[in-house]
Each structure stands twice: as C-alpha cells, then as structure tokens.
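J.: This structure is in structure tokens; I'll ask about it shortly.
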Amino acid sequence: MKTRAALLVQTGQPLEVVEIETPPLKPGQVLVEIAYSGACGTQIMEWRGDKGEDKWVPHCLGHEGTGTVIETGSAITKVKPGDKVVLSWIKGSGLEAGGSVYDWDGRKVNAGGVTTFQQHAVVSENRLTLVPEGLPMDVAVLLGCAAPTGMGAVFNVLNARPGDSVAVFGTGGVGLNAVMAAAFSGADPVIAIDPSPTRRALAVTYGATHTVDPTEGDVLAAIAAIVPQGVDRAAEASGRPEVMEQALRCTRMQGGRAVVIGNARAGAELALDPALFNQGKSLMGTWGGDSVPDRDYPRFAKLIGSGRFPVRDLLSHTYKLDDINTALTDLAEGRIGRPLIDMSAG
C-alpha cells in the first residue's frame with residue numbers, strides 16, 4: 001500500500017513530504033496507521049546534520065507516536081489488528097525485527113525499527129506498547145519518548161525523593177517531563193533553567209518552584225542563591241557540554257548526582273575538573289531514562305493523566321504532516337514545548 005511520509009533526503013534541507021510504498025511485513029513486524037506523532041531534539045539533530053554524516057538518506061524519521069494496528073506479520077503475540085498502540089524508540093518486550101526499506105518511485109527509503117513522520121509505518125513489535133486505558137491518543141504520544149526519558153531520568157536514575165532539591169537544565173519536552181517527575185516525587189525546590197521564556201513559563205505550570213534564565217547572568221550563582229549547599233539532584237536535557245558541566249557543578253558535595261539526558265553534537269567534548277568527583281559528586285548517563293516500556297509506561301500514563309498538571313499545554317501546537325518543517329523549526333527555536341503532528345489532518 002502507498003502512504004505519505006516526511007523524508008530526510010539531504011541533511012540541512014527541508015524534509016520532503018512524498019508518497020512511498022510500504023514493504024511486505026517480515027516476521028516480528030507490524031503495520032500501524034499513525035494517529036499522532038511527536039518530535040524532539042533528536043529529529044532536529046538529524047535534520048540539521050548535527051549527528052555527523054548520515055549514511056542512510058533518504059530515510060524516514062520520528063520515534064514517538066500513537067496509532068492503530070492494521071496488520072501483523074508472523075510470530076506476533078503482543079498486539080493484534082485494531083489495538084491502539086504507543087510507538088517508542090525504547091525497546092520493550094516482543095520481537096526485534098529490525099528496520100524496513102520503503103519504495104519511493106523506484107528509490108529505496110530506509111527506516112529503523114520505528115518511524116512516525118508518516119501516515120502508515122512498519123514497526124518492530126518490541127517498539128509497541130498498548131495505549132493505557134483512559135489516556136487520549138494525542139496525550140499518549142508523550143509515552144513514546146518525552147515521558148519515559150524525562151520522567152525515567154528522575155525516577156529511575158536520580159531516584160529523587162520527597163524533599164530533594166532538583167535542578168533541570170533545558171525544559172523542552174523531555175526536560176518538562178523531568179520537572180513534572182520531580183514535582184510528583186515531592187522534590188522542593190524544583191529549579192528549571194532555560195533561555196526560552198515560553199519554556200520557563202511551561203516549567204512553572206509543570207511544577208517548577210523557581211526558574212532561571214541562563215542569558216541573564218551566572219547560572220550557578222542563581223542556583224546557589226536558592227539552594228546554597230547545592231542541589232541534591234540535577235538533570236541536563238539541553239545537549240550542550242557546558243551545561244552538562246554546570247549540572248554537575250551545581251550539585252551538593254557528598255552525594256550530589258547529575259544525569260546527562262541531552263544529545264551533544266557529533267565531535268563535541270566535555271571537560272570536567274576531576275576535583276568535582278573528589279567532592280563526592282556523581283555524573284551519570286541514561287538510555288531513555290532507563291525506562292522499561294512494559295513496566296514503566298502504565299505508571300507514567302497514570303501520572304500524566306492524573307490532571308495534576310496541564311499536559312496539553314506542552315502539546316499546545318498541532319500541525320499537519322505537510323507542515324512538518326514548520327513544526328521542527330518552531331521546536332528548534334524554542335517557540336513550543338513539543339509539536340503534535342496530526343496525521344489525520346488534511
């Protein structure tokens with residue numbers, strides 16, 4: 001069958017919305033009709049070429065979304081036609097079937113185990129999780145990346161506890177979910193650091209008790225004015241090496257922890273004063289918030305569906321597939337928290 005998709009044909013150039021032919025399903029693959037897709041900094045980096053040489057162009061993009069199962073390949077046990085599913089880059093249970101190759105007027109189009117910037121996608125079974133009952137399909141998009149990565153970093157990696165002080169550097173979609181998780185954990189204060197006034201305002205609605213504009217002065221001094229001894233936990237979601245250093249430096253001695261969530265540009269390097277580690281501070285990494293979809297997504301769904309925070313404020317701008325380049329530009333320039341691409345829109 002044919003479907004419309006936004007392809008990366010050349011890095012640094014606008015995505016092209018074209019019609020492609022879906023391939024036959026291999027064992028472990030599922031055909032999904034996409035309802036909604038999100039987008040995050042990873043797609044911005046791929047689009048701009050910040051991840052280095054892209055050997056796979058032209059290729060499909062997108063790694064978080066929701067949709068309905070249309071058809072299953074052999075050996076599928078996790079989902080069936082008609083099921084509403086979350087599509088996520090984080091692997092869960094089920095078969096790993098690898099990527100696919102679509103046809104674009106005789107030209108091969110590569111795709112990984114999950115892609116979502118298209119109306120129909122062939123997806124590996126282990127990138128699918130049933131949409132938790134009661135969670136709308138648009139809001140459930142957050143379970144594909146933003147929630148498990150941001151919330152998971154706070155819950156699973158930093159192990160934030162009631163009364164902990166937490167700083168979150170970068171409050172895009174992932175960072176805002178980290179802010180929300182800190183608030184859910186009972187952390188106080190929760191400090192959000194971001195140059196975008198739009199994102200700082202969102203952070204307050206998501207539970208931040210304080211915000212810091214890094215363009216207005218010394219970030220570490222601003223944090224120290226709030227928590228003189230240093231914060232207990234810090235999460236970095238900007239992808240900037242100098243911010244990663246700040247995240248570690250702002251933590252307290254003898255037990256302060258910082259986690260790097262953001263992806264840096266290819267070739268970037270991080271320089272740290274070794275004395276920071278002699279002070280008893282820890283710098284940690286994470287792969288998707290160390291989240292396990294089948295274990296964690298139902299829990300995250302309950303939190304974002306609880307009504308405590310206005311999660312739709314993060315998804316306040318809806319775009320058509322034809323407007324995908326506008327969505328990515330708005331995201332890259334900090335005008336929105338997270339774009340929502342409605343695949344049913346004309």
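We label chains A, B, ... in the order they appear in the structure tokens, count residues from 1 in each chain, and number ligands from 1 in the order shown.
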Sort by chain and increasing residue number a table of all residues of segment 38-107 of chain A within 9 Å of segment 337-342 of chain A, each with its closest pair of atoms and their distance in Å to one decimal, counting only C-alpha atoms, and write it as JSON lines.

T.:
{"residue": "A:Gly38", "atom": "CA", "partner": "A:Leu340", "partner_atom": "CA", "distance": 5.0}
{"residue": "A:Ala39", "atom": "CA", "partner": "A:Pro339", "partner_atom": "CA", "distance": 6.1}
{"residue": "A:Cys40", "atom": "CA", "partner": "A:Arg338", "partner_atom": "CA", "distance": 7.0}

J.: Save out the residues we just selected, all heavy atoms, as a compact mmCIF listing (two decimals), in the first residue's frame.

T.:
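Written out: again-v9.txt:
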# COMPACT_ATOMS: atom_id res chain seq x y z
N GLY A 38 4.92 12.86 17.72
CA GLY A 38 5.62 13.97 18.34
C GLY A 38 6.93 14.19 17.60
O GLY A 38 7.21 13.56 16.57
N ALA A 39 7.75 15.08 18.13
CA ALA A 39 9.08 15.32 17.59
C ALA A 39 9.94 15.86 18.72
O ALA A 39 9.44 16.53 19.63
CB ALA A 39 9.05 16.31 16.42
N CYS A 40 11.23 15.56 18.68
CA CYS A 40 12.11 16.04 19.74
C CYS A 40 13.45 16.47 19.16
O CYS A 40 13.66 16.50 17.94
CB CYS A 40 12.28 14.99 20.83
SG CYS A 40 13.37 13.63 20.39

J.: Excluding segment 258-269 of chain A and any residue of its chain fewer than 4 positions from it, enumerate the residues within 7 Å of it, using only C-alpha atoms, and give them as a ChimeraX atom specification.

T.: /A:50-52,233-241,244,247-248,282-286

J.: Name the residues in contact with Arg200 of chain A at a cut-off of 10 Å, using only C-alpha atoms, excluding same-chain residues fewer than 4 positions from it; report them as a list in words.

T.: Gly170, Thr171, Gly172, Leu176, Ile191, Ala192, Ile193, Asp194, Pro195, Ser196, Val204, Thr205, Tyr206, Ala208, His210, Thr211, Val212, Asp213 and Gly337 of chain A

J.: Keeping only N, CA and C atoms, take the residues you just selected and write them out as a PDB file, in the first residue's frame.

T.:
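Final output, again.pdb:
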ATOM      1  N   GLY A 170      17.290  22.821  30.739  1.00  0.00           N
ATOM      2  CA  GLY A 170      16.645  22.582  29.450  1.00  0.00           C
ATOM      3  C   GLY A 170      15.239  22.066  29.667  1.00  0.00           C
ATOM      4  N   THR A 171      14.243  22.877  29.298  1.00  0.00           N
ATOM      5  CA  THR A 171      12.862  22.471  29.562  1.00  0.00           C
ATOM      6  C   THR A 171      12.051  22.401  28.271  1.00  0.00           C
ATOM      7  N   GLY A 172      12.587  21.626  27.317  1.00  0.00           N
ATOM      8  CA  GLY A 172      11.787  21.207  26.188  1.00  0.00           C
ATOM      9  C   GLY A 172      10.902  20.060  26.637  1.00  0.00           C
ATOM     10  N   LEU A 176      10.695  19.138  30.518  1.00  0.00           N
ATOM     11  CA  LEU A 176       9.444  19.414  31.216  1.00  0.00           C
ATOM     12  C   LEU A 176       8.899  18.164  31.898  1.00  0.00           C
ATOM     13  N   ILE A 191      14.022  23.585  40.315  1.00  0.00           N
ATOM     14  CA  ILE A 191      14.545  24.745  39.606  1.00  0.00           C
ATOM     15  C   ILE A 191      14.672  24.410  38.128  1.00  0.00           C
ATOM     16  N   ALA A 192      14.048  25.204  37.263  1.00  0.00           N
ATOM     17  CA  ALA A 192      14.087  24.990  35.813  1.00  0.00           C
ATOM     18  C   ALA A 192      14.952  26.066  35.165  1.00  0.00           C
ATOM     19  N   ILE A 193      15.907  25.643  34.359  1.00  0.00           N
ATOM     20  CA  ILE A 193      16.836  26.563  33.708  1.00  0.00           C
ATOM     21  C   ILE A 193      16.660  26.464  32.207  1.00  0.00           C
ATOM     22  N   ASP A 194      16.281  27.574  31.565  1.00  0.00           N
ATOM     23  CA  ASP A 194      16.076  27.564  30.107  1.00  0.00           C
ATOM     24  C   ASP A 194      16.080  29.006  29.599  1.00  0.00           C
ATOM     25  N   PRO A 195      16.689  29.256  28.425  1.00  0.00           N
ATOM     26  CA  PRO A 195      16.695  30.619  27.884  1.00  0.00           C
ATOM     27  C   PRO A 195      15.365  31.049  27.285  1.00  0.00           C
ATOM     28  N   SER A 196      14.466  30.115  27.002  1.00  0.00           N
ATOM     29  CA  SER A 196      13.200  30.444  26.362  1.00  0.00           C
ATOM     30  C   SER A 196      12.159  30.846  27.401  1.00  0.00           C
ATOM     31  N   VAL A 204       6.857  26.272  35.020  1.00  0.00           N
ATOM     32  CA  VAL A 204       6.131  26.646  36.238  1.00  0.00           C
ATOM     33  C   VAL A 204       4.809  25.886  36.312  1.00  0.00           C
ATOM     34  N   THR A 205       4.110  25.776  35.188  1.00  0.00           N
ATOM     35  CA  THR A 205       2.843  25.041  35.199  1.00  0.00           C
ATOM     36  C   THR A 205       3.067  23.548  35.416  1.00  0.00           C
ATOM     37  N   TYR A 206       4.280  23.095  35.165  1.00  0.00           N
ATOM     38  CA  TYR A 206       4.606  21.680  35.343  1.00  0.00           C
ATOM     39  C   TYR A 206       5.229  21.388  36.699  1.00  0.00           C
ATOM     40  N   ALA A 208       7.672  23.532  38.496  1.00  0.00           N
ATOM     41  CA  ALA A 208       8.890  24.224  38.912  1.00  0.00           C
ATOM     42  C   ALA A 208       8.541  25.296  39.947  1.00  0.00           C
ATOM     43  N   HIS A 210      11.016  27.475  40.923  1.00  0.00           N
ATOM     44  CA  HIS A 210      11.883  28.586  40.542  1.00  0.00           C
ATOM     45  C   HIS A 210      12.320  28.385  39.090  1.00  0.00           C
ATOM     46  N   THR A 211      12.577  29.478  38.397  1.00  0.00           N
ATOM     47  CA  THR A 211      13.142  29.402  37.054  1.00  0.00           C
ATOM     48  C   THR A 211      14.358  30.320  36.968  1.00  0.00           C
ATOM     49  N   VAL A 212      15.270  29.954  36.069  1.00  0.00           N
ATOM     50  CA  VAL A 212      16.481  30.737  35.849  1.00  0.00           C
ATOM     51  C   VAL A 212      16.667  30.932  34.358  1.00  0.00           C
ATOM     52  N   ASP A 213      16.895  32.168  33.955  1.00  0.00           N
ATOM     53  CA  ASP A 213      17.226  32.493  32.565  1.00  0.00           C
ATOM     54  C   ASP A 213      18.746  32.525  32.446  1.00  0.00           C
ATOM     55  N   GLY A 337       6.844  23.694  23.291  1.00  0.00           N
ATOM     56  CA  GLY A 337       7.452  22.646  24.092  1.00  0.00           C
ATOM     57  C   GLY A 337       7.619  21.360  23.303  1.00  0.00           C
TER      58      GLY A 337
END

J.: How would you write, as a list in words, the set of residues in segment 121-160 of chain A that DSSP gives as alpha helix (DSSP H)?

T.: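 DSSP on the backbone gives alpha helix (DSSP H) at Met137, Asp138, Val139, Ala140, Ala146, Ala147, Pro148, Thr149, Gly150, Met151 and Gly152 of chain A.
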
J.: Write the residues you've just listed into a file as a PDB file, in the first residue's frame, and include C-alpha atoms for each of them.

T.:
ATOM      1  CA  MET A 137      -4.228   9.169  21.809  1.00  0.00           C
ATOM      2  CA  ASP A 138      -2.781  12.667  21.491  1.00  0.00           C
ATOM      3  CA  VAL A 139      -1.536  12.831  25.081  1.00  0.00           C
ATOM      4  CA  ALA A 140      -0.273   9.229  24.866  1.00  0.00           C
ATOM      5  CA  ALA A 146       9.382  12.611  26.336  1.00  0.00           C
ATOM      6  CA  ALA A 147       7.808  10.983  29.395  1.00  0.00           C
ATOM      7  CA  PRO A 148       9.968   7.849  29.692  1.00  0.00           C
ATOM      8  CA  THR A 149      13.169   9.779  29.037  1.00  0.00           C
ATOM      9  CA  GLY A 150      12.463  12.768  31.291  1.00  0.00           C
ATOM     10  CA  MET A 151      10.450  11.041  33.997  1.00  0.00           C
ATOM     11  CA  GLY A 152      12.640   7.965  33.906  1.00  0.00           C
TER      12      GLY A 152
END

J.: Go through segment 50-274 of chain A and collect every residue that DSSP, computed from the backbone, puts in strand (DSSP E); the answer should be as number ranges by chain.

T.: A: 59-60, 64-72, 84-88, 100-104, 107-111, 120-124, 128-130, 166-169, 190-193, 210-212, 233-236, 257-260

J.: Tell me which of A:Ser344, A:Gly334, A:Tyr297, A:Gln119 sits closest to Thr318 of chain A, counting only C-alpha atoms.

T.: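 Looking only at the distances to Thr318 of chain A, the closest residue turns out to be A:Ser344.
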
J.: So which residues touch segment 64-71 of chain A within 7 Å, counting only C-alpha atoms, skipping near sequence neighbours fewer than 4 positions away, as a short mmCIF file (atom, residue, chain, number, x, y, z; two decimals) with N, CA and C atoms, in the first residue's frame?

T.:
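Everything below was put into result_28.cif:
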data_model
loop_
_atom_site.label_atom_id
_atom_site.label_comp_id
_atom_site.auth_asym_id
_atom_site.auth_seq_id
_atom_site.Cartn_x
_atom_site.Cartn_y
_atom_site.Cartn_z
N VAL A 30 4.93 -5.03 12.35
CA VAL A 30 3.54 -4.65 12.47
C VAL A 30 3.30 -3.40 11.63
N LEU A 31 2.19 -3.39 10.89
CA LEU A 31 1.80 -2.20 10.14
C LEU A 31 0.85 -1.38 11.00
N VAL A 32 1.22 -0.12 11.22
CA VAL A 32 0.45 0.76 12.10
C VAL A 32 -0.03 1.99 11.32
N GLU A 33 -1.30 2.33 11.47
CA GLU A 33 -1.80 3.59 10.96
C GLU A 33 -1.56 4.64 12.03
N ILE A 34 -0.69 5.61 11.73
CA ILE A 34 -0.29 6.60 12.71
C ILE A 34 -1.42 7.62 12.93
N ALA A 35 -1.75 7.86 14.18
CA ALA A 35 -2.72 8.90 14.53
C ALA A 35 -2.02 10.22 14.79
N TYR A 36 -1.02 10.17 15.68
CA TYR A 36 -0.27 11.37 16.05
C TYR A 36 1.21 11.01 16.17
N SER A 37 2.04 11.99 15.85
CA SER A 37 3.48 11.87 16.08
C SER A 37 3.95 13.08 16.86
N GLY A 38 4.92 12.86 17.72
CA GLY A 38 5.62 13.97 18.34
C GLY A 38 6.93 14.19 17.60
N LYS A 80 -2.56 -7.01 18.19
CA LYS A 80 -3.41 -7.57 17.14
C LYS A 80 -4.07 -6.43 16.39
N PRO A 81 -4.59 -6.68 15.19
CA PRO A 81 -5.28 -5.63 14.44
C PRO A 81 -6.38 -4.99 15.27
N GLY A 82 -6.44 -3.65 15.22
CA GLY A 82 -7.42 -2.89 15.98
C GLY A 82 -6.90 -2.33 17.28
N ASP A 83 -5.77 -2.85 17.77
CA ASP A 83 -5.20 -2.35 19.02
C ASP A 83 -4.68 -0.92 18.87
N LYS A 84 -4.91 -0.10 19.88
CA LYS A 84 -4.33 1.23 19.95
C LYS A 84 -2.97 1.12 20.63
N VAL A 85 -1.94 1.67 20.00
CA VAL A 85 -0.59 1.44 20.49
C VAL A 85 0.21 2.73 20.58
N VAL A 86 1.18 2.73 21.49
CA VAL A 86 2.21 3.76 21.58
C VAL A 86 3.42 3.25 20.80
N LEU A 87 3.99 4.09 19.96
CA LEU A 87 5.22 3.77 19.24
C LEU A 87 6.37 4.50 19.92
N SER A 88 7.41 3.77 20.26
CA SER A 88 8.52 4.33 21.02
C SER A 88 9.85 3.79 20.52
N TRP A 89 10.88 4.62 20.57
CA TRP A 89 12.22 4.16 20.19
C TRP A 89 12.83 3.25 21.27
N THR A 116 7.73 7.57 12.64
CA THR A 116 6.38 8.09 12.89
C THR A 116 6.00 9.32 12.07
N MET A 137 -5.29 9.51 22.75
CA MET A 137 -4.23 9.17 21.81
C MET A 137 -3.23 10.32 21.61
N ALA A 140 -1.08 10.45 24.77
CA ALA A 140 -0.27 9.23 24.87
C ALA A 140 0.99 9.30 24.03
N VAL A 141 1.07 10.24 23.07
CA VAL A 141 2.30 10.43 22.30
C VAL A 141 3.50 10.65 23.21
N GLY A 144 5.96 7.94 24.10
CA GLY A 144 6.92 7.41 23.14
C GLY A 144 8.35 7.82 23.40
N CYS A 145 8.54 9.00 24.01
CA CYS A 145 9.90 9.47 24.26
C CYS A 145 9.97 10.43 25.44
#

J.: Could you check how far atom CA of Arg249 of chain A sits from atom CA of Glu333 of chain A, in Å to one decimal?

T.: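 Here the two named atoms are 27.0 Å from each other.
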
J.: Pick the closest to Asn126 of chain A from A:Ala183, A:Val154, A:Ile90, A:Ala178: which is it, counting only C-alpha atoms?

T.: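 Of A:Ala183, A:Val154, A:Ile90, A:Ala178, the one nearest Asn126 of chain A is A:Ile90, counting only C-alpha atoms.
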
J.: Hey, what's within 12 Å of Lys55 of chain A if we count only C-alpha atoms and toss same-chain stuff fewer than 6 positions away? As a list in words, please?

T.: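 Listing them by chain and then by number gives Leu8, Val9, Gln10, Thr11, Glu46, Gly49, Val109 and Asn110 of chain A.
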
J.: Got a sec: who's within 10 Å of segment 122-125 of chain A, counting only C-alpha atoms, leaving out chain neighbours fewer than 4 positions off, as a ChimeraX atom specification?

T.: /A:22-33,69,71-73,75-79,87-89,91-102,111-116,129

J.: So that I have them on file, write out the residues from the current selection with C-alpha atoms, as an mmCIF file, in the first residue's frame.

T.:
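Everything below was put into result.cif:
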data_model
loop_
_atom_site.group_PDB
_atom_site.id
_atom_site.type_symbol
_atom_site.label_atom_id
_atom_site.label_comp_id
_atom_site.auth_asym_id
_atom_site.auth_seq_id
_atom_site.Cartn_x
_atom_site.Cartn_y
_atom_site.Cartn_z
ATOM 1 C CA THR A 22 5.118 0.103 2.316
ATOM 2 C CA PRO A 23 7.043 -3.185 2.125
ATOM 3 C CA PRO A 24 5.603 -6.643 2.922
ATOM 4 C CA LEU A 25 5.754 -7.437 6.615
ATOM 5 C CA LYS A 26 8.577 -9.606 7.862
ATOM 6 C CA PRO A 27 8.230 -11.823 10.956
ATOM 7 C CA GLY A 28 8.048 -9.585 14.016
ATOM 8 C CA GLN A 29 6.815 -6.519 12.109
ATOM 9 C CA VAL A 30 3.536 -4.646 12.473
ATOM 10 C CA LEU A 31 1.796 -2.205 10.136
ATOM 11 C CA VAL A 32 0.446 0.759 12.103
ATOM 12 C CA GLU A 33 -1.804 3.586 10.957
ATOM 13 C CA VAL A 69 -2.527 -1.754 14.377
ATOM 14 C CA GLU A 71 -1.814 -5.807 10.117
ATOM 15 C CA THR A 72 0.710 -8.074 11.816
ATOM 16 C CA GLY A 73 3.486 -10.223 10.441
ATOM 17 C CA ALA A 75 5.145 -14.601 15.156
ATOM 18 C CA ILE A 76 3.462 -11.519 16.652
ATOM 19 C CA THR A 77 1.990 -12.126 20.124
ATOM 20 C CA LYS A 78 1.948 -8.686 21.742
ATOM 21 C CA VAL A 79 -0.586 -6.824 19.591
ATOM 22 C CA LEU A 87 5.216 3.772 19.238
ATOM 23 C CA SER A 88 8.521 4.334 21.017
ATOM 24 C CA TRP A 89 12.221 4.161 20.194
ATOM 25 C CA LYS A 91 12.701 -1.296 23.201
ATOM 26 C CA GLY A 92 10.173 -3.295 25.190
ATOM 27 C CA SER A 93 9.052 -6.905 25.053
ATOM 28 C CA GLY A 94 8.365 -8.583 21.735
ATOM 29 C CA LEU A 95 10.419 -9.429 18.695
ATOM 30 C CA GLU A 96 13.214 -7.234 17.367
ATOM 31 C CA ALA A 97 12.584 -7.262 13.626
ATOM 32 C CA GLY A 98 14.982 -4.517 12.585
ATOM 33 C CA GLY A 99 14.295 -1.812 10.055
ATOM 34 C CA SER A 100 12.457 -1.655 6.752
ATOM 35 C CA VAL A 101 13.039 -0.388 3.237
ATOM 36 C CA TYR A 102 10.210 1.519 1.537
ATOM 37 C CA ALA A 111 13.702 3.197 8.081
ATOM 38 C CA GLY A 112 14.644 1.952 11.540
ATOM 39 C CA GLY A 113 12.641 -0.265 13.851
ATOM 40 C CA VAL A 114 10.197 2.593 14.438
ATOM 41 C CA THR A 115 9.346 5.751 12.467
ATOM 42 C CA THR A 116 6.379 8.095 12.891
ATOM 43 C CA THR A 129 3.067 -0.800 23.824
#

J.: Kindly give the distance, in Å, that separates atom CA of Leu303 of chain A and atom CA of Ala182 of chain A, rounded to a single decimal.

T.: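 Going from atom CA of Leu303 of chain A over to atom CA of Ala182 of chain A, I get 11.8 Å.
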